[in-house]
>>> print(open('target-v5.csv').read())   # CSV, C-alpha atoms
chain,number,residue,atom,x,y,z
A,1,MET,CA,-63.8,-7.9,-28.1
A,2,SER,CA,-61.5,-10.9,-28.4
A,3,SER,CA,-61.0,-12.4,-31.8
A,4,THR,CA,-60.1,-15.8,-30.4
A,5,ALA,CA,-62.9,-18.4,-30.8
A,6,PRO,CA,-64.1,-19.7,-27.5
A,7,THR,CA,-64.0,-23.5,-27.1
A,8,SER,CA,-64.3,-26.1,-24.5
A,9,ALA,CA,-60.5,-25.7,-23.9
A,10,ASN,CA,-61.5,-22.5,-22.1
A,11,PRO,CA,-62.8,-23.6,-18.6
A,12,ALA,CA,-65.2,-20.6,-18.7
A,13,VAL,CA,-67.0,-22.0,-21.8
A,14,GLY,CA,-69.0,-25.1,-22.0
A,15,THR,CA,-68.9,-27.6,-24.9
A,16,VAL,CA,-69.4,-26.0,-28.3
A,17,VAL,CA,-71.2,-28.1,-30.9
A,18,ALA,CA,-70.8,-26.7,-34.4
A,19,ILE,CA,-73.4,-27.8,-36.9
A,20,ASP,CA,-72.9,-26.7,-40.5
A,21,GLY,CA,-74.5,-27.5,-43.8
A,22,PRO,CA,-76.6,-26.1,-46.6
A,23,SER,CA,-80.2,-24.9,-46.4
A,24,GLY,CA,-82.8,-27.6,-46.0
A,25,SER,CA,-80.3,-30.2,-44.6
A,26,GLY,CA,-82.0,-30.2,-41.2
A,27,LYS,CA,-79.6,-27.9,-39.3
A,28,SER,CA,-82.2,-25.9,-37.4
A,29,SER,CA,-84.4,-28.8,-36.2
A,30,THR,CA,-81.4,-30.9,-35.4
A,31,SER,CA,-79.6,-28.2,-33.6
A,32,ARG,CA,-82.6,-27.2,-31.5
A,33,GLY,CA,-83.3,-30.9,-30.7
A,34,VAL,CA,-79.7,-31.6,-29.7
A,35,ALA,CA,-79.6,-28.5,-27.5
A,36,SER,CA,-82.9,-29.3,-25.8
A,37,ARG,CA,-81.9,-32.9,-25.2
A,38,LEU,CA,-78.5,-31.9,-23.7
A,39,GLY,CA,-79.7,-28.9,-21.8
A,40,TYR,CA,-77.5,-26.6,-23.9
A,41,ARG,CA,-78.1,-23.1,-25.3
A,42,TYR,CA,-78.7,-22.7,-29.0
A,43,LEU,CA,-77.6,-20.1,-31.6
A,44,ASP,CA,-78.9,-19.7,-35.1
A,45,THR,CA,-76.3,-17.7,-36.9
A,46,GLY,CA,-78.3,-17.7,-40.2
A,47,ALA,CA,-81.0,-15.7,-38.4
A,48,MET,CA,-78.4,-13.1,-37.5
A,49,PHE,CA,-77.5,-12.6,-41.2
A,50,ARG,CA,-81.2,-12.5,-42.0
A,51,ALA,CA,-81.6,-9.9,-39.3
A,52,MET,CA,-78.8,-7.8,-40.8
A,53,THR,CA,-80.4,-8.1,-44.2
A,54,TRP,CA,-83.8,-7.1,-42.8
A,55,TRP,CA,-82.3,-4.0,-41.3
A,56,MET,CA,-80.5,-3.1,-44.6
A,57,LEU,CA,-83.8,-3.4,-46.6
A,58,ARG,CA,-85.7,-1.5,-43.9
A,59,HIS,CA,-83.2,1.4,-44.2
A,60,ASP,CA,-83.2,1.4,-48.1
A,61,VAL,CA,-79.6,0.2,-48.4
A,62,ASP,CA,-78.8,-1.3,-51.8
A,63,VAL,CA,-78.0,-4.8,-50.8
A,64,HIS,CA,-76.2,-5.4,-54.1
A,65,ASP,CA,-73.7,-2.6,-53.3
A,66,PRO,CA,-71.1,-4.2,-51.0
A,67,ALA,CA,-69.6,-0.8,-50.1
A,68,ALA,CA,-73.1,0.6,-49.1
A,69,VAL,CA,-73.7,-2.4,-46.9
A,70,ALA,CA,-70.3,-2.3,-45.4
A,71,ALA,CA,-70.7,1.3,-44.4
A,72,ARG,CA,-73.6,0.6,-42.2
A,73,VAL,CA,-72.9,-2.8,-40.6
A,74,ALA,CA,-72.2,-1.3,-37.2
A,75,GLU,CA,-75.6,0.5,-36.9
A,76,PRO,CA,-78.1,-2.3,-36.1
A,77,GLU,CA,-78.3,-3.8,-32.6
A,78,ILE,CA,-78.9,-7.5,-33.1
A,79,LEU,CA,-79.8,-9.7,-30.1
A,80,SER,CA,-80.2,-13.5,-30.3
A,81,GLY,CA,-82.1,-15.4,-27.6
A,82,THR,CA,-80.5,-18.8,-27.0
A,83,ASP,CA,-83.4,-20.9,-25.6
A,84,PRO,CA,-83.7,-23.9,-28.0
A,85,LEU,CA,-87.4,-24.2,-27.2
A,86,ALA,CA,-88.2,-20.6,-27.9
A,87,PRO,CA,-85.3,-18.9,-29.8
A,88,THR,CA,-85.8,-15.2,-30.4
A,89,ILE,CA,-84.1,-12.5,-32.4
A,90,THR,CA,-84.5,-8.7,-32.3
A,91,VAL,CA,-83.1,-5.8,-34.2
A,92,ASP,CA,-83.0,-2.5,-32.4
A,93,GLY,CA,-85.6,-3.9,-29.9
A,94,THR,CA,-88.0,-5.1,-32.6
A,95,ASP,CA,-89.0,-8.8,-32.8
A,96,VAL,CA,-88.1,-9.8,-36.3
A,97,ALA,CA,-88.4,-13.6,-35.9
A,98,THR,CA,-91.2,-13.7,-38.5
A,99,ALA,CA,-90.1,-10.8,-40.7
A,100,ILE,CA,-86.7,-12.3,-41.5
A,101,ARG,CA,-88.3,-15.4,-43.0
A,102,GLY,CA,-90.1,-13.3,-45.7
A,103,GLU,CA,-89.4,-13.5,-49.4
A,104,ASP,CA,-87.7,-10.1,-49.5
A,105,VAL,CA,-85.1,-11.1,-46.9
A,106,THR,CA,-84.7,-14.6,-48.4
A,107,GLY,CA,-83.9,-13.1,-51.8
A,108,ALA,CA,-81.4,-10.6,-50.4
A,109,VAL,CA,-79.5,-12.5,-47.7
A,110,SER,CA,-76.9,-14.0,-50.0
A,111,PRO,CA,-75.4,-10.8,-51.2
A,112,VAL,CA,-75.4,-9.3,-47.7
A,113,SER,CA,-73.9,-12.4,-46.2
A,114,ALA,CA,-71.0,-12.2,-48.8
A,115,VAL,CA,-69.9,-8.8,-47.6
A,116,PRO,CA,-66.7,-9.3,-45.5
A,117,GLU,CA,-67.5,-6.5,-43.1
A,118,VAL,CA,-70.9,-8.1,-42.4
A,119,ARG,CA,-69.2,-11.4,-41.6
A,120,ALA,CA,-66.6,-9.8,-39.4
A,121,CYS,CA,-69.2,-7.8,-37.5
A,122,LEU,CA,-71.4,-10.8,-36.9
A,123,LEU,CA,-68.4,-13.1,-36.2
A,124,GLN,CA,-67.6,-11.0,-33.1
A,125,LEU,CA,-71.3,-11.1,-32.0
A,126,GLN,CA,-71.5,-14.8,-32.5
A,127,ARG,CA,-68.3,-15.5,-30.5
A,128,SER,CA,-69.6,-13.2,-27.7
A,129,VAL,CA,-72.8,-15.3,-27.5
A,130,ILE,CA,-70.8,-18.5,-27.5
A,131,GLY,CA,-68.6,-17.2,-24.7
A,132,ALA,CA,-71.6,-16.4,-22.6
A,133,ALA,CA,-72.9,-20.0,-22.6
A,134,PRO,CA,-70.9,-21.8,-19.9
A,135,GLY,CA,-73.3,-24.8,-19.9
A,136,GLY,CA,-72.6,-25.6,-23.5
A,137,ILE,CA,-74.1,-24.4,-26.8
A,138,VAL,CA,-75.1,-25.8,-30.2
A,139,VAL,CA,-74.3,-23.3,-32.9
A,140,GLU,CA,-75.7,-23.7,-36.4
A,141,GLY,CA,-74.6,-22.1,-39.6
A,142,ARG,CA,-72.4,-22.4,-42.7
A,143,ASP,CA,-69.0,-21.6,-41.3
A,144,ILE,CA,-69.2,-22.5,-37.6
A,145,GLY,CA,-66.7,-25.3,-37.6
A,146,SER,CA,-64.4,-23.6,-40.1
A,147,VAL,CA,-64.4,-20.0,-38.9
A,148,VAL,CA,-66.6,-19.2,-35.9
A,149,ALA,CA,-65.5,-22.0,-33.6
A,150,PRO,CA,-62.7,-24.0,-35.4
A,151,ASP,CA,-61.7,-25.6,-32.1
A,152,ALA,CA,-65.1,-26.8,-31.2
A,153,PRO,CA,-64.8,-30.4,-29.9
A,154,VAL,CA,-67.8,-31.6,-31.9
A,155,LYS,CA,-68.2,-30.6,-35.5
A,156,VAL,CA,-71.0,-31.9,-37.7
A,157,PHE,CA,-71.7,-31.3,-41.4
A,158,LEU,CA,-75.2,-32.1,-42.4
A,159,THR,CA,-76.3,-32.7,-46.0
A,160,ALA,CA,-79.3,-34.2,-47.7
A,161,ASP,CA,-80.5,-35.1,-51.2
A,162,PRO,CA,-81.5,-31.8,-53.0
A,163,ALA,CA,-85.0,-33.1,-53.5
A,164,ALA,CA,-85.4,-33.9,-49.8
A,165,ARG,CA,-84.0,-30.5,-48.9
A,166,ALA,CA,-86.4,-28.8,-51.2
A,167,ALA,CA,-89.4,-30.7,-49.9
A,168,ARG,CA,-88.5,-29.8,-46.3
A,169,ARG,CA,-88.0,-26.1,-47.0
A,170,ALA,CA,-91.2,-25.9,-49.1
A,171,ALA,CA,-93.1,-27.4,-46.2
A,172,GLU,CA,-91.5,-25.0,-43.7
A,173,GLU,CA,-92.6,-22.1,-46.0
A,174,GLY,CA,-96.2,-23.4,-46.0
A,175,GLY,CA,-96.4,-25.3,-49.2
A,176,SER,CA,-94.1,-23.5,-51.7
A,177,ASP,CA,-93.5,-25.0,-55.1
A,178,VAL,CA,-90.9,-27.7,-54.5
A,179,SER,CA,-89.1,-27.5,-57.9
A,180,ALA,CA,-88.8,-23.7,-57.6
A,181,THR,CA,-87.6,-24.2,-54.0
A,182,GLN,CA,-85.0,-26.7,-55.1
A,183,GLU,CA,-83.7,-24.3,-57.8
A,184,SER,CA,-83.4,-21.5,-55.2
A,185,LEU,CA,-81.5,-23.8,-52.7
A,186,LEU,CA,-79.0,-24.9,-55.4
A,187,ALA,CA,-78.5,-21.3,-56.4
A,188,ARG,CA,-77.8,-20.4,-52.7
A,189,ASP,CA,-75.4,-23.3,-52.4
A,190,LYS,CA,-73.4,-22.0,-55.3
A,191,ILE,CA,-73.2,-18.5,-53.8
A,192,ASP,CA,-72.3,-19.8,-50.3
A,193,SER,CA,-69.7,-22.2,-51.5
A,194,GLY,CA,-68.1,-19.7,-53.9
A,195,ARG,CA,-67.9,-16.6,-51.8
A,196,ALA,CA,-64.4,-15.4,-51.0
A,197,THR,CA,-65.0,-14.9,-47.3
A,198,ALA,CA,-66.0,-17.9,-45.1
A,199,PRO,CA,-67.4,-20.1,-47.8
A,200,LEU,CA,-69.6,-23.1,-47.0
A,201,VAL,CA,-67.2,-26.0,-46.5
A,202,MET,CA,-67.0,-29.1,-44.4
A,203,ALA,CA,-64.5,-28.2,-41.6
A,204,ASP,CA,-61.5,-30.3,-40.8
A,205,GLY,CA,-62.5,-32.9,-38.3
A,206,ALA,CA,-66.2,-32.6,-38.9
A,207,VAL,CA,-68.5,-35.7,-39.0
A,208,HIS,CA,-70.5,-35.8,-42.2
A,209,ILE,CA,-74.1,-36.9,-41.8
A,210,ASP,CA,-76.4,-37.3,-44.8
A,211,THR,CA,-79.8,-36.8,-43.2
A,212,THR,CA,-81.8,-38.1,-46.2
A,213,PRO,CA,-82.5,-41.6,-44.9
A,214,TYR,CA,-83.0,-40.6,-41.3
A,215,THR,CA,-85.9,-39.3,-39.2
A,216,LEU,CA,-85.3,-36.1,-37.2
A,217,ASP,CA,-85.1,-38.0,-34.0
A,218,GLU,CA,-82.5,-40.3,-35.4
A,219,VAL,CA,-80.3,-37.5,-36.6
A,220,ILE,CA,-80.6,-35.8,-33.2
A,221,GLY,CA,-79.6,-39.1,-31.6
A,222,LEU,CA,-76.5,-39.4,-33.8
A,223,VAL,CA,-75.3,-35.9,-32.9
A,224,VAL,CA,-76.1,-36.4,-29.2
A,225,ALA,CA,-74.0,-39.6,-29.3
A,226,LEU,CA,-71.1,-37.7,-30.7
A,227,VAL,CA,-71.3,-35.1,-27.9
A,228,GLU,CA,-71.6,-37.7,-25.2
A,229,ALA,CA,-68.6,-39.6,-26.6
A,230,VAL,CA,-66.5,-36.4,-26.3
A,231,GLU,CA,-67.7,-35.6,-22.8
A,232,ALA,CA,-67.4,-39.2,-21.5
A,233,PRO,CA,-64.6,-39.6,-18.9
A,234,ALA,CA,-61.4,-40.9,-20.4
>>> encode(input="target-v5.csv", output="structure tokens")
Amino acid sequence: MSSTAPTSANPAVGTVVAIDGPSGSGKSSTSRGVASRLGYRYLDTGAMFRAMTWWMLRHDVDVHDPAAVAARVAEPEILSGTDPLAPTITVDGTDVATAIRGEDVTGAVSPVSAVPEVRACLLQLQRSVIGAAPGGIVVEGRDIGSVVAPDAPVKVFLTADPAARAARRAAEEGGSDVSATQESLLARDKIDSGRATAPLVMADGAVHIDTTPYTLDEVIGLVVALVEAVEAPA
């Protein structure tokens, strides 16, 4: 499989919109909304790391042992659906869309995601999905603009006030404790930003959007405007 990131410079690939940022910044809702509005495909790379983590836990792999995780990264078959209105993800044919959002996976995904072999394996998978979306695709994650698709014509880095992020994530989780959620998010930020391989950073050329003062529709509109500006005839 090619190690070259597909971008809009390749005529066989549509526009790639890279949306990065920490948990709770609005990446998923924004990405799905932008993809739906533009008629693009959608890829949640975070779900892929969660799916890998789910598989490791299911097979009793010690997620805190990088060598043990690295030894088995090639075993699970992870498939991501790219319909923004109904995204799916399966592992070895099993629908894990709900299971990967459980507390066990949430608590284990950071150490699994930090293993270089995991990132290398999923990087190839992510680029293959991007390359199969000729009509354009919105890809969300933490290293899309910096690693997965560095030549994407549209790069966005979303952030939000920690309290706002915690409130959003707690609501998504059905009413979790907001203060505990905020503490968890900040701990995840520290791990993601400090890991040696593909750390969470704002990519060169990315547009920073602080989503705190905006509604979801407004954020979607801002990103759609960026895409339309790039696609507009010279």
>>> closest_residue(input="target-v5.csv", among="A:Val227, A:Ala99, A:Ala203, A:Ala51", to="A:Leu79", atoms="all atoms listed in the file")
A:Ala51
>>> residues_around(input="target-v5.csv", residues="A:Arg37", least_positions_apart="2", cutoff="10 Å", atoms="all atoms listed in the file", output="PyMOL selection string")
chain A and resi 31-35+39-40+84+220-221+224
>>> residues_around(input="target-v5.csv", residues="A:Met48", least_positions_apart="2", cutoff="9 Å", atoms="all atoms listed in the file", output="list in words")
Asp44, Thr45, Gly46, Arg50, Ala51, Met52, Thr53, Ile78, Leu79, Ser80, Ile89, Leu122 and Gln126 of chain A
>>> write_last_selection(input="target-v5.csv", atoms="C-alpha atoms", output="tab-separated table (two decimals), in the coordinates of the input")
chain	number	residue	atom	x	y	z
A	44	ASP	CA	-78.90	-19.70	-35.10
A	45	THR	CA	-76.30	-17.70	-36.90
A	46	GLY	CA	-78.30	-17.70	-40.20
A	50	ARG	CA	-81.20	-12.50	-42.00
A	51	ALA	CA	-81.60	-9.90	-39.30
A	52	MET	CA	-78.80	-7.80	-40.80
A	53	THR	CA	-80.40	-8.10	-44.20
A	78	ILE	CA	-78.90	-7.50	-33.10
A	79	LEU	CA	-79.80	-9.70	-30.10
A	80	SER	CA	-80.20	-13.50	-30.30
A	89	ILE	CA	-84.10	-12.50	-32.40
A	122	LEU	CA	-71.40	-10.80	-36.90
A	126	GLN	CA	-71.50	-14.80	-32.50
>>> atom_distance(input="target-v5.csv", atom1="atom CA of A:Gln182", atom2="atom CA of A:Thr30")
20.5 Å
>>> closest_residue(input="target-v5.csv", among="A:Glu228, A:Asp204, A:Asp65, A:Asp83", to="A:Gly145", atoms="all atoms listed in the file")
A:Asp204
>>> residues_around(input="target-v5.csv", residues="A:Thr159", least_positions_apart="2", cutoff="7 Å", atoms="all atoms listed in the file", output="PyMOL selection string")
chain A and resi 21-22+25+157+209-211
>>> residues_around(input="target-v5.csv", residues="A:His64", least_positions_apart="4", cutoff="9 Å", atoms="all atoms listed in the file", output="list in words")
Ala68, Val69, Ala108, Pro111 and Val112 of chain A
>>> write_last_selection(input="target-v5.csv", atoms="C-alpha atoms", output="short mmCIF file (atom, residue, chain, number, x, y, z; two decimals), in the frame of the given file")
data_model
loop_
_atom_site.label_atom_id
_atom_site.label_comp_id
_atom_site.auth_asym_id
_atom_site.auth_seq_id
_atom_site.Cartn_x
_atom_site.Cartn_y
_atom_site.Cartn_z
CA ALA A 68 -73.10 0.60 -49.10
CA VAL A 69 -73.70 -2.40 -46.90
CA ALA A 108 -81.40 -10.60 -50.40
CA PRO A 111 -75.40 -10.80 -51.20
CA VAL A 112 -75.40 -9.30 -47.70
#
>>> residues_near_point(input="target-v5.csv", point="(-87.3, -15.4, -54.8)", cutoff="9 Å", atoms="only C-alpha atoms", output="PyMOL selection string")
chain A and resi 103-104+106-108+180-181+184
>>> residues_around(input="target-v5.csv", residues="A:Glu183", least_positions_apart="5", cutoff="12 Å", atoms="only C-alpha atoms", output="list in words")
Ser23, Pro162, Ala163, Arg165, Ala166, Ala167, Arg169, Ala170, Asp177, Val178, Arg188, Asp189 and Lys190 of chain A
>>> atom_distance(input="target-v5.csv", atom1="atom CA of A:Ala67", atom2="atom CA of A:Val115")
8.4 Å
>>> atom_distance(input="target-v5.csv", atom1="atom CA of A:Ile144", atom2="atom CA of A:Arg168")
22.4 Å
>>> closest_residue(input="target-v5.csv", among="A:Ala97, A:Phe49, A:His59, A:Trp54", to="A:Glu117", atoms="all atoms listed in the file")
A:Phe49
>>> closest_residue(input="target-v5.csv", among="A:Pro213, A:Gly205, A:Gly93, A:Pro153", to="A:Val230", atoms="all atoms listed in the file")
A:Pro153
>>> closest_residue(input="target-v5.csv", among="A:Val118, A:Ser128, A:Ala229, A:Glu218", to="A:Val63", atoms="all atoms listed in the file")
A:Val118
>>> decode(input="target-v5.csv", residues="stretch 82-96 of chain A", atoms="N, CA, C and O atoms", output="mmCIF file, in the first residue's frame")
data_model
loop_
_atom_site.group_PDB
_atom_site.id
_atom_site.type_symbol
_atom_site.label_atom_id
_atom_site.label_comp_id
_atom_site.auth_asym_id
_atom_site.auth_seq_id
_atom_site.Cartn_x
_atom_site.Cartn_y
_atom_site.Cartn_z
ATOM 1 N N THR A 82 -18.353 5.245 5.648
ATOM 2 C CA THR A 82 -18.065 6.664 5.453
ATOM 3 C C THR A 82 -19.294 7.516 5.149
ATOM 4 O O THR A 82 -19.185 8.620 4.623
ATOM 5 N N ASP A 83 -20.482 7.012 5.492
ATOM 6 C CA ASP A 83 -21.702 7.795 5.325
ATOM 7 C C ASP A 83 -21.823 8.740 6.517
ATOM 8 O O ASP A 83 -21.958 8.290 7.653
ATOM 9 N N PRO A 84 -21.763 10.068 6.305
ATOM 10 C CA PRO A 84 -21.811 10.998 7.436
ATOM 11 C C PRO A 84 -23.124 10.946 8.215
ATOM 12 O O PRO A 84 -23.154 11.318 9.393
ATOM 13 N N LEU A 85 -24.190 10.478 7.582
ATOM 14 C CA LEU A 85 -25.481 10.404 8.264
ATOM 15 C C LEU A 85 -25.620 9.125 9.077
ATOM 16 O O LEU A 85 -26.449 9.042 9.992
ATOM 17 N N ALA A 86 -24.816 8.118 8.751
ATOM 18 C CA ALA A 86 -24.893 6.847 9.473
ATOM 19 C C ALA A 86 -23.532 6.153 9.441
ATOM 20 O O ALA A 86 -23.373 5.098 8.844
ATOM 21 N N PRO A 87 -22.519 6.749 10.097
ATOM 22 C CA PRO A 87 -21.192 6.142 10.086
ATOM 23 C C PRO A 87 -21.196 4.820 10.843
ATOM 24 O O PRO A 87 -21.880 4.663 11.856
ATOM 25 N N THR A 88 -20.441 3.860 10.342
ATOM 26 C CA THR A 88 -20.372 2.543 10.969
ATOM 27 C C THR A 88 -18.924 2.148 11.182
ATOM 28 O O THR A 88 -18.017 2.687 10.541
ATOM 29 N N ILE A 89 -18.714 1.204 12.093
ATOM 30 C CA ILE A 89 -17.387 0.630 12.250
ATOM 31 C C ILE A 89 -17.539 -0.792 12.762
ATOM 32 O O ILE A 89 -18.327 -1.067 13.672
ATOM 33 N N THR A 90 -16.802 -1.692 12.118
ATOM 34 C CA THR A 90 -16.847 -3.099 12.505
ATOM 35 C C THR A 90 -15.437 -3.624 12.728
ATOM 36 O O THR A 90 -14.471 -3.127 12.137
ATOM 37 N N VAL A 91 -15.337 -4.625 13.580
ATOM 38 C CA VAL A 91 -14.076 -5.308 13.820
ATOM 39 C C VAL A 91 -14.326 -6.798 13.614
ATOM 40 O O VAL A 91 -15.178 -7.383 14.294
ATOM 41 N N ASP A 92 -13.635 -7.361 12.650
ATOM 42 C CA ASP A 92 -13.825 -8.778 12.307
ATOM 43 C C ASP A 92 -15.300 -9.100 12.066
ATOM 44 O O ASP A 92 -15.804 -10.163 12.453
ATOM 45 N N GLY A 93 -15.994 -8.163 11.437
ATOM 46 C CA GLY A 93 -17.397 -8.362 11.097
ATOM 47 C C GLY A 93 -18.392 -8.030 12.185
ATOM 48 O O GLY A 93 -19.610 -8.095 11.962
ATOM 49 N N THR A 94 -17.914 -7.640 13.370
ATOM 50 C CA THR A 94 -18.794 -7.302 14.486
ATOM 51 C C THR A 94 -18.991 -5.795 14.575
ATOM 52 O O THR A 94 -18.013 -5.032 14.563
ATOM 53 N N ASP A 95 -20.240 -5.358 14.673
ATOM 54 C CA ASP A 95 -20.549 -3.939 14.832
ATOM 55 C C ASP A 95 -20.109 -3.504 16.229
ATOM 56 O O ASP A 95 -20.623 -3.998 17.235
ATOM 57 N N VAL A 96 -19.158 -2.571 16.297
ATOM 58 C CA VAL A 96 -18.641 -2.131 17.597
ATOM 59 C C VAL A 96 -18.896 -0.643 17.847
ATOM 60 O O VAL A 96 -18.296 -0.049 18.742
#
